[in-house]
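K.L.:
Have a look at this one.
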Amino acid sequence: MEKEQDEVLTATQQRRRSSVLDIRSTLSSSCSTRQVLIRAWDNEQEAATGDGTDELDASVHDEIFQSELSTSFKKYNTSWWTQYGVLTHRSMKNSRSAIFTPLNVIKSACIGLIAGLLWFQLENTEKTIQDRSSYYFFTMTYWVFDSMFNALMAFPDERAIIFKERASASYHLSAYFMAKTTSEAPTRMILPAVYMSISFWM
């Protein structure tokens, strides 16, 4: 009787060892995570339905599987700099078409013309210091708020895309934010330059 129990235990241990080796070989052969989990599930089902010897300690098997899974698979397949470069390129294409439009250029030129007419030909005396400071205050406030509201409206529009790409572990959130910020900065500087080139010299 004891001999039969030992044989059953030995057979079960060998089956579990072979399933762990299968998992290790699967992990090393660069399969997808889904395939690894399906194979592990099948091996567990076979072990559970084989001969009813579930009293063996399965936690050792689970720990080995979890450690192998965590060491063999990274969350992100590319480095942070690669993600940043690709996202910057993509964001530059999108921002160029969204920000640098004919309508925005005409709007900047018209506001520059209006501001130039409001503070037209100020004298270089102490009497006009407050007028000059009001021109600079209007200019800075307008362009800060213009950029801020555009940025606030950009993230809710892309929220669904970000969640989808983050769920598939495409990139770090910090890489997305930095790429979005640095790619839009040169484009956003063109419109204030149009405004200043018209209003400043008037």
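Labels used: A, B, ... for chains in the order of the structure tokens, numbers from 1 for residues in each chain, and numbers from 1 for ligands as shown.
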Return as JSON lines the residues of stretch 78-171 of chain A lying at most 8 Å from stretch 188-198 of chain A, together with the closest atom-to-atom pair for each and the distance in Å to one decimal, counting only C-alpha atoms, with rows in chain order and ascending residue number.
P.N.:
```
{"residue": "A:Ile99", "atom": "CA", "partner": "A:Arg188", "partner_atom": "CA", "distance": 7.2}
{"residue": "A:Phe100", "atom": "CA", "partner": "A:Leu191", "partner_atom": "CA", "distance": 7.8}
{"residue": "A:Asn104", "atom": "CA", "partner": "A:Leu191", "partner_atom": "CA", "distance": 7.4}
{"residue": "A:Val105", "atom": "CA", "partner": "A:Leu191", "partner_atom": "CA", "distance": 6.3}
{"residue": "A:Ser108", "atom": "CA", "partner": "A:Tyr195", "partner_atom": "CA", "distance": 5.2}
{"residue": "A:Ala109", "atom": "CA", "partner": "A:Tyr195", "partner_atom": "CA", "distance": 5.5}
{"residue": "A:Ile111", "atom": "CA", "partner": "A:Tyr195", "partner_atom": "CA", "distance": 6.8}
{"residue": "A:Gly112", "atom": "CA", "partner": "A:Tyr195", "partner_atom": "CA", "distance": 4.4}
{"residue": "A:Leu113", "atom": "CA", "partner": "A:Ile198", "partner_atom": "CA", "distance": 6.2}
{"residue": "A:Gly116", "atom": "CA", "partner": "A:Ile198", "partner_atom": "CA", "distance": 7.0}
{"residue": "A:Trp143", "atom": "CA", "partner": "A:Pro192", "partner_atom": "CA", "distance": 7.0}
{"residue": "A:Ser147", "atom": "CA", "partner": "A:Arg188", "partner_atom": "CA", "distance": 7.5}
```
K.L.:
Keeping only N, CA, C and O atoms, write the selected residues to a file as a PDB file, in the first residue's frame.
P.N.:
```
ATOM      1  N   ILE A  99      -2.192  72.703 -34.930  1.00  0.00           N
ATOM      2  CA  ILE A  99      -1.883  74.040 -34.400  1.00  0.00           C
ATOM      3  C   ILE A  99      -1.544  75.010 -35.515  1.00  0.00           C
ATOM      4  O   ILE A  99      -2.069  76.122 -35.582  1.00  0.00           O
ATOM      5  N   PHE A 100      -0.677  74.590 -36.414  1.00  0.00           N
ATOM      6  CA  PHE A 100      -0.172  75.499 -37.449  1.00  0.00           C
ATOM      7  C   PHE A 100      -1.112  75.466 -38.659  1.00  0.00           C
ATOM      8  O   PHE A 100      -0.766  75.022 -39.734  1.00  0.00           O
ATOM      9  N   ASN A 104      -5.262  79.771 -37.618  1.00  0.00           N
ATOM     10  CA  ASN A 104      -4.483  80.228 -36.457  1.00  0.00           C
ATOM     11  C   ASN A 104      -3.471  81.301 -36.852  1.00  0.00           C
ATOM     12  O   ASN A 104      -3.217  82.235 -36.085  1.00  0.00           O
ATOM     13  N   VAL A 105      -2.865  81.166 -38.024  1.00  0.00           N
ATOM     14  CA  VAL A 105      -1.899  82.175 -38.490  1.00  0.00           C
ATOM     15  C   VAL A 105      -2.608  83.506 -38.737  1.00  0.00           C
ATOM     16  O   VAL A 105      -2.122  84.574 -38.322  1.00  0.00           O
ATOM     17  N   SER A 108      -3.524  85.077 -35.370  1.00  0.00           N
ATOM     18  CA  SER A 108      -2.362  85.689 -34.718  1.00  0.00           C
ATOM     19  C   SER A 108      -1.990  87.011 -35.376  1.00  0.00           C
ATOM     20  O   SER A 108      -1.669  87.996 -34.685  1.00  0.00           O
ATOM     21  N   ALA A 109      -2.048  87.053 -36.702  1.00  0.00           N
ATOM     22  CA  ALA A 109      -1.719  88.296 -37.420  1.00  0.00           C
ATOM     23  C   ALA A 109      -2.734  89.387 -37.114  1.00  0.00           C
ATOM     24  O   ALA A 109      -2.366  90.552 -36.900  1.00  0.00           O
ATOM     25  N   ILE A 111      -4.698  89.690 -34.382  1.00  0.00           N
ATOM     26  CA  ILE A 111      -4.542  90.139 -32.993  1.00  0.00           C
ATOM     27  C   ILE A 111      -3.291  91.009 -32.864  1.00  0.00           C
ATOM     28  O   ILE A 111      -3.286  92.010 -32.135  1.00  0.00           O
ATOM     29  N   GLY A 112      -2.226  90.638 -33.581  1.00  0.00           N
ATOM     30  CA  GLY A 112      -1.026  91.474 -33.581  1.00  0.00           C
ATOM     31  C   GLY A 112      -1.299  92.853 -34.161  1.00  0.00           C
ATOM     32  O   GLY A 112      -0.802  93.870 -33.649  1.00  0.00           O
ATOM     33  N   LEU A 113      -2.100  92.905 -35.212  1.00  0.00           N
ATOM     34  CA  LEU A 113      -2.458  94.191 -35.835  1.00  0.00           C
ATOM     35  C   LEU A 113      -3.307  95.039 -34.886  1.00  0.00           C
ATOM     36  O   LEU A 113      -3.073  96.250 -34.727  1.00  0.00           O
ATOM     37  N   GLY A 116      -1.108  96.268 -32.060  1.00  0.00           N
ATOM     38  CA  GLY A 116      -0.238  97.323 -32.572  1.00  0.00           C
ATOM     39  C   GLY A 116      -0.962  98.644 -32.731  1.00  0.00           C
ATOM     40  O   GLY A 116      -0.407  99.716 -32.462  1.00  0.00           O
ATOM     41  N   TRP A 143      -1.025  84.880 -24.635  1.00  0.00           N
ATOM     42  CA  TRP A 143      -0.377  83.689 -25.197  1.00  0.00           C
ATOM     43  C   TRP A 143      -0.231  82.563 -24.187  1.00  0.00           C
ATOM     44  O   TRP A 143      -0.264  81.389 -24.556  1.00  0.00           O
ATOM     45  N   SER A 147      -2.168  78.974 -25.016  1.00  0.00           N
ATOM     46  CA  SER A 147      -1.470  77.674 -24.992  1.00  0.00           C
ATOM     47  C   SER A 147      -2.053  76.759 -23.934  1.00  0.00           C
ATOM     48  O   SER A 147      -2.189  75.543 -24.146  1.00  0.00           O
TER      49      SER A 147
END
```
K.L.:
Considering only C-alpha atoms, state which residue in the set A:Ala160, A:Met202, A:Ile38, A:Met148 is at the smallest distance from A:Ala115.
P.N.:
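The answer is A:Met202, which sits nearest to A:Ala115.
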K.L.:
Which residues are near stretch 94-98 of chain A? Cut-off 8 Å, only C-alpha atoms, ignore same chain within fewer than 5 positions. Put them as number ranges by chain.
P.N.:
A: 183-184, 187
K.L.:
By how many Å are atom CA of A:Ser168 and atom CA of A:Ser79 apart?
P.N.:
15.3 Å
K.L.:
Take atom CA of A:Ala179 and atom CA of A:Lys107 and report the distance between them in Å, one decimal.
P.N.:
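Value for the atom CA of A:Ala179-atom CA of A:Lys107 distance: 26.7 Å.
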K.L.:
A:His172: which residues within 9 Å, counting only C-alpha atoms, same-chain residues fewer than 3 positions away excluded, as a list in words?
P.N.:
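Final neighbour list, sorted by chain and number: Tyr76, Trp80, Gln83, Tyr84, Arg166, Ala169, Ala175, Tyr176 and Phe177 of chain A.
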K.L.:
Residues as selected, C-alpha atoms, written as a PDB file, in the first residue's frame, can you do that?
P.N.:
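Saved file part_1.pdb follows:
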```
ATOM      1  CA  TYR A  76       7.654  47.447 -21.979  1.00  0.00           C
ATOM      2  CA  TRP A  80      12.166  54.928 -22.621  1.00  0.00           C
ATOM      3  CA  GLN A  83       9.301  55.404 -26.876  1.00  0.00           C
ATOM      4  CA  TYR A  84      10.060  59.111 -26.502  1.00  0.00           C
ATOM      5  CA  ARG A 166      -1.226  52.071 -21.986  1.00  0.00           C
ATOM      6  CA  ALA A 169       2.024  48.497 -22.431  1.00  0.00           C
ATOM      7  CA  ALA A 175       7.466  59.372 -22.292  1.00  0.00           C
ATOM      8  CA  TYR A 176       4.096  60.389 -23.743  1.00  0.00           C
ATOM      9  CA  PHE A 177       3.922  63.595 -21.686  1.00  0.00           C
TER      10      PHE A 177
END
```
K.L.:
What does the structure give for the distance between atom CA of A:Cys110 and atom CA of A:Asp146, in Å to one decimal?
P.N.:
14.9 Å
